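Colleague: Structure below; questions to follow.
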Amino acid sequence: ATGDKGGRVVIFQREQENKSRPHSRGEYNVYSTFQSHEPEFDYLKSLEIEEKINKIRWLPQQNAAHFLLSTNDKTIKLWKISERDKRAEGYNLKDEDGRLRDPFRITALRVPILKPMDLMVEASPRRIFANAHTYHINSISVNSDHETYLSADDLRINLWHLEITDRSFNIVDIKPANMEELTEVITAAEFHPHHCNVFVYSSSKGTIRLCDMRSSALCDRHSKFFEEPEDPSSRSFFSEIISSISDVKFSHSGRYMMTRDYLSVKVWDLNMENRPVETYQVHEYLRSKLCSLYENDCIFDKFECCWNGSDSAIMTGSYNNFFRMFDRNTRRDITLEASRESSKPRAILKPRKVCTGGKRKKDEISVDSLDFNKKILHTAWHPMENIIAVAATNNLYIFQDKIN
Amino acid sequence: MFASVRSSGSRLPSSVELNGSQELEAPASLRCHDLWTCSPLVPECRLWDPVHMFLTPVVPDWPFYNLDTMFVRGLKRKCFDGEEDIEGTLAGIKAIPSYNLQRQSLLDMSLVKLQLCHMLVEPNLCRSVLIANTVRQIQEEMTQDGTWQMINTQSTGQASLDRLVSTDILCRSSREQAEGKHVPGYTTYNKDFEGDQAQDSSETMSTASSVQVPRNLQSNVWEMENPQENKGNFQKSLDQIFETLENKSPNSVEDLFSEVDNSYYDLDTMLTGMMSNSKMGHCDGLETFSSPTATASNSNCKSDLNELDHIVEILVES
C-alpha cells in the first residue's frame with residue numbers, strides 16, 4: 001500500500017502467476033484506491049491540517065478482508081479492504097434495479113441467489129482515532145498482540161486499542177513544562193515484534209529508548225538507553241542534525257534493531273546499549289556538503305529503512321533516486337537507481353556509483369550532479385520473498401530477484 | 001593563525017566546524033575588521049534583504065547558488081570542496097574564510113529558517129528544534145570565544161547558556177557608536193529583565209532592541225542604509241518599549257500564555273526567550289504584527305520607521 005500527499009491510499013496486489021511462464025512471479029497491479037484523509041482546518045489554531053499520509057501499517061490478516069491503519073498529522077484511521085465478487089439476485093422486496101416492489105404485487109416468496117459479478121474492492125473506514133495528538137504524528141506501530149497499537153507524535157506516544165476510538169493511553173510524554181526548554185523530540189517509535197510490552201522510540205538527538213510497559217503506566221523512564229558516543233573528530237555544527245534518527249525498525253527476529261540517521265544506518269543489538277554492532281554509510285560523500293544541504297533543507301529529509309525477511313540484508317534510500325542495500329553477512333553493498341530510464345521491465349538493474357574524488361570514471365556520477373529533489377524516502381521489503389518496493393517521488397517501483 | 005584552522009585531522013571536516021577556540025586565535029581587532037570592512041558583508045546583507053529574499057527562491061537550486069554569491073571564493077571552497085587545496089584560502093586577509101564569518105552566516109541562515117515557516121500549516125517541530133539547537137550551539141561557542149561582548153554577569157543565576165538569542169545588528173552598530181569601537185557578534189539576551197536595568201543605557205537599549213528578529217531583519221537593512229538618521233529615533237522608540245515592558249505585570253502574561261499550548265510554534269517568543277516574564281506583553285503585540293504580516297512587511301524594508309512607531313503604539317496601548 002502507498003499513501004500520498006493528497007491523502008489517497010493505493011493498494012497493489014500481485015497477480016496470479018502466469019501459467020505460460022511458470023517461473024516468473026506475477027506482477028503487481030493496482031488493487032484498490034481510496035481517499036483516506038481529507039484536508040481539515042483546525043479552527044482553534046487557525047491552521048490547516050494536511051491530508052498527507054504519514055504512515056501506513058498493515059494489520060495481520062485474520063480473515064478474507066485486509067485491514068490497515070493510515071495516519072496523517074493528527075488522525076489515524078482503520079480501513080477495511082474487502083472484496084466482493086458475488087451479488088445477490090432475486091430479492092423479494094426490491095426489484096432488480098433496486099426499486100421497492102409494491103407489497104401487494106408480491107404473490108410468492110423466493111430465495112435470493114448469489115450470482116458472480118466483477119470483482120469489486122471496497123475500502124471502508126472502520127475506526128477513526130482522532131483528537132489524541134497535539135503534535136504531528138510521525139509513527140504508528142501495531143503490537144504483536146494484534147489488539148493494540150501505538151501512535152507517536154513529536155512529544156508524546158499514545159497506546160490505543162483497535163476497537164476503542166474514544167480513549168487512548170499516554171505512555172510517553174517528553175514535553176517539558178516550559179516549552180522553551182525543548183531540545184529533543186520523538187522521531188519514530190515501534191513495538192517489539194514478539195514482546196507485546198516492549199517498544200522503542202528514537203529522538204532527534206540520535207538516542208533510542210527502549211521501554212517496558214510493565215514497569216510503569218507512564219514510560220517516561222526508559223528501560224534501556226541506546227546512544228553511540230560522538231566522535232569528537234567529526235564534530236561540526238551539523239553533528240546533531242545529522243545524528244537525528246529518522247526511522248527505527250526491529251529485525252524480524254526481534255534481537256536487533258536498525259536506526260537511520262542522515263548519513264548512515266546502524267544496527268543495534270538490544271543487549272548492548274553503548275554502541276551499535278554494525279554501521280553502514282549510506283552516502284558519506286555528502287558529509288562535505290552539509291552546509292548546502294542545510295541551506296536547501298535536504299538535511300532534514302527523513303529516510304526510512306527496512307530489513308529483508310531473514311534479517312540478512314537491509315535497505316534504505318538516498319538521493320538521485322538511488323537506494324542502497326547492505327548484506328550484513330558479506331558486508332557487500334550495492335547502489336541501485338529507481339528511474340524509468342534504467343528500469344525497463346524485466347531488465348536487470350545496473351549498480352550505480354557516486355564518484356567522490358576528482359577523476360570521474362565512466363558511468364559514475366559526480367556528487368555535484370546528484371539531483372536532490374529525487375529522493376527515495378520510503379522502501380519496503382517483502383517479508384518472505386526478495387521483492388522490494390521503492391517509492392520515488394511520483395512513481396512506485398517494484399523490483400524482484402532475478403529468477404534463473 | 002588562520003592556517004591552523006583547517007590543519008587538524010587527516011579527514012577534512014565538514015564546512016563549518018567547531019574547532020577548539022585556541023585554533024581560532026586572532027587579534028580581536030582583526031576579527032572585527034573582517035566583519036565590518038570585508039566585502040562579504042555586503043552580499044551577506046542580501047540575505048537580510050527581504051526583497052531579494054522573496055524574488056529568489058528560498059530553496060536555491062542545486063548547486064548552492066545562494067552561498068556562492070554570499071561567500072568569498074575561499075569560503076565557498078571551504079564550504080563545499082573540503083578536498084581542494086586549502087592553501088588557496090590563505091591568499092590574503094580578504095580571501096580568508098573567517099571562521100567567525102562562516103559561523104555568523106550559519107547563524108543568520110538558521111534564524112532566517114526559523115522565521116520562514118509556513119503560516120498556513122503548522123511548522124515541523126522537529127526541524128524547528130534542530131535549527132534552534134544549532135543556533136544555541138553557535139551562541140554557546142561564540143560566548144566561549146569571547147565574541148560575545150556583552151556577557152551579563154550580574155544575573156549569573158539566570159545567564160544560562162541555554163538561552164536563545166536573537167540577531168541584533170542594530171545593537172551592534174549602536175553600541176559601536178556609543179563605545180566608539182567596532183564590536184562584532186550578537187548580544188546575549190538575558191531573560192532576567194530586571195537585571196538589565198542596572199546596566200548602562202546602551203546595554204539596556206540593546207537588550208530591549210533584541211526583542212524580535214523579524215523587526216531586526218528589516219531594521220538591519222534599514223540601518224545599513226541610514227544609520228545616522230534613524231538611530232536617534234529608534235533609540236527613543238526603544239526607550240518607550242522598555243518602559244512599557246517594565247510596567248507589564250507578569251501575571252497577565254502568564255494568563256495570556258497558559259492557554260497557548262503550542263507556544264513553541266511562535267518563533268518570535270522562542271527566539272527572544274521572552275516567554276516567562278514581563279516581555280510577553282511586548283512580544284504579544286509584536287507577534288501579531290510580525291506573524292500575519294510578515295510577508296507583507298518584509299517586502300517593504302524601507303517603511304520600518306513607520307512600522308516601528310506602529311509597534312510602539314500597540315505596546316503603549318496594550
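Residues in the C-alpha cells are numbered from 1 in each chain, the chains being A, B, ... in the order shown, and ligands are numbered from 1 in the order shown.
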Could you build a table of the residues in chain A lying no more than 9 Å from chain B, giving for each the nearest pair of atoms and their separation in Å rounded to one decimal place, using only C-alpha atoms, ordered by chain and ascending residue number, as CSV?
Modeller:
```
residue,atom,partner,partner_atom,distance
A:Ser46,CA,B:Leu120,CA,7.7
A:Leu47,CA,B:Val121,CA,5.3
A:Glu48,CA,B:Val121,CA,5.0
A:Ile49,CA,B:Val121,CA,6.6
A:Glu50,CA,B:Val121,CA,7.4
A:Thr134,CA,B:Asn262,CA,8.1
A:Tyr135,CA,B:Leu125,CA,8.0
A:His136,CA,B:Asn124,CA,7.9
A:Asp154,CA,B:Cys126,CA,7.0
A:Asn178,CA,B:Ser276,CA,8.7
A:Met179,CA,B:Tyr264,CA,6.0
A:Glu180,CA,B:Met270,CA,6.5
A:Glu181,CA,B:Asp162,CA,8.1
A:Leu182,CA,B:Val129,CA,7.3
A:Thr183,CA,B:Val129,CA,6.0
A:Glu184,CA,B:Val129,CA,6.9
A:Val185,CA,B:Cys126,CA,6.1
A:Ile186,CA,B:Cys126,CA,8.1
A:Thr187,CA,B:Cys126,CA,7.7
A:Ser204,CA,B:Cys126,CA,7.1
A:Lys205,CA,B:Leu130,CA,8.7
A:Ser233,CA,B:Gly9,CA,7.2
A:Ser234,CA,B:Pro13,CA,6.2
A:Arg235,CA,B:Leu18,CA,6.4
A:Ser236,CA,B:Glu17,CA,4.3
A:Phe237,CA,B:Glu17,CA,6.1
A:Phe238,CA,B:Thr134,CA,7.3
A:Glu240,CA,B:Leu130,CA,7.5
A:Ile241,CA,B:Leu130,CA,6.0
A:Ser244,CA,B:Leu130,CA,8.6
A:Arg287,CA,B:Ser14,CA,6.1
A:Ser288,CA,B:Ser14,CA,4.7
A:Lys289,CA,B:Phe80,CA,5.4
A:Leu290,CA,B:Ser14,CA,6.8
A:Cys291,CA,B:Ser15,CA,6.0
A:Ser292,CA,B:Phe64,CA,6.0
A:Leu293,CA,B:Phe64,CA,8.7
A:Tyr294,CA,B:Ser110,CA,8.9
A:Glu295,CA,B:Val59,CA,7.2
A:Asn296,CA,B:Val59,CA,4.9
A:Asp297,CA,B:Val59,CA,7.4
A:Phe300,CA,B:Arg127,CA,6.6
A:Gly357,CA,B:Glu83,CA,8.4
A:Asp368,CA,B:Pro63,CA,7.0
A:Ser369,CA,B:Pro63,CA,8.6
A:Leu370,CA,B:Trp62,CA,8.8
A:Asp371,CA,B:Trp62,CA,7.8
A:Phe372,CA,B:Trp62,CA,7.6
```
Colleague: Output as a ChimeraX atom specification all residues of range 158-327 of chain A that backbone DSSP marks as strand (DSSP E or B).
Modeller: /A:158-161,164-173,186-191,198-203,208-212,224-226,236,247-250,256-260,264-269,278-281,305-307,313-317,319,322-327
Colleague: What's around Leu210 in chain A at 10 Å? Count only C-alpha atoms, leave out sequence neighbours fewer than 5 positions away in its own chain, and write the answer as a count of residues only.
Modeller: 18
Colleague: Can you measure CA of Thr356 in chain A to CA of His283 in chain A for me? One decimal in Å is fine.
Modeller: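 Separation between CA of Thr356 in chain A and CA of His283 in chain A: 10.2 Å.
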Colleague: So how far away is CA of Thr279 in chain A from CA of Lys402 in chain A, in Å?
Modeller: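 Between these atoms lies a distance of 27.8 Å.
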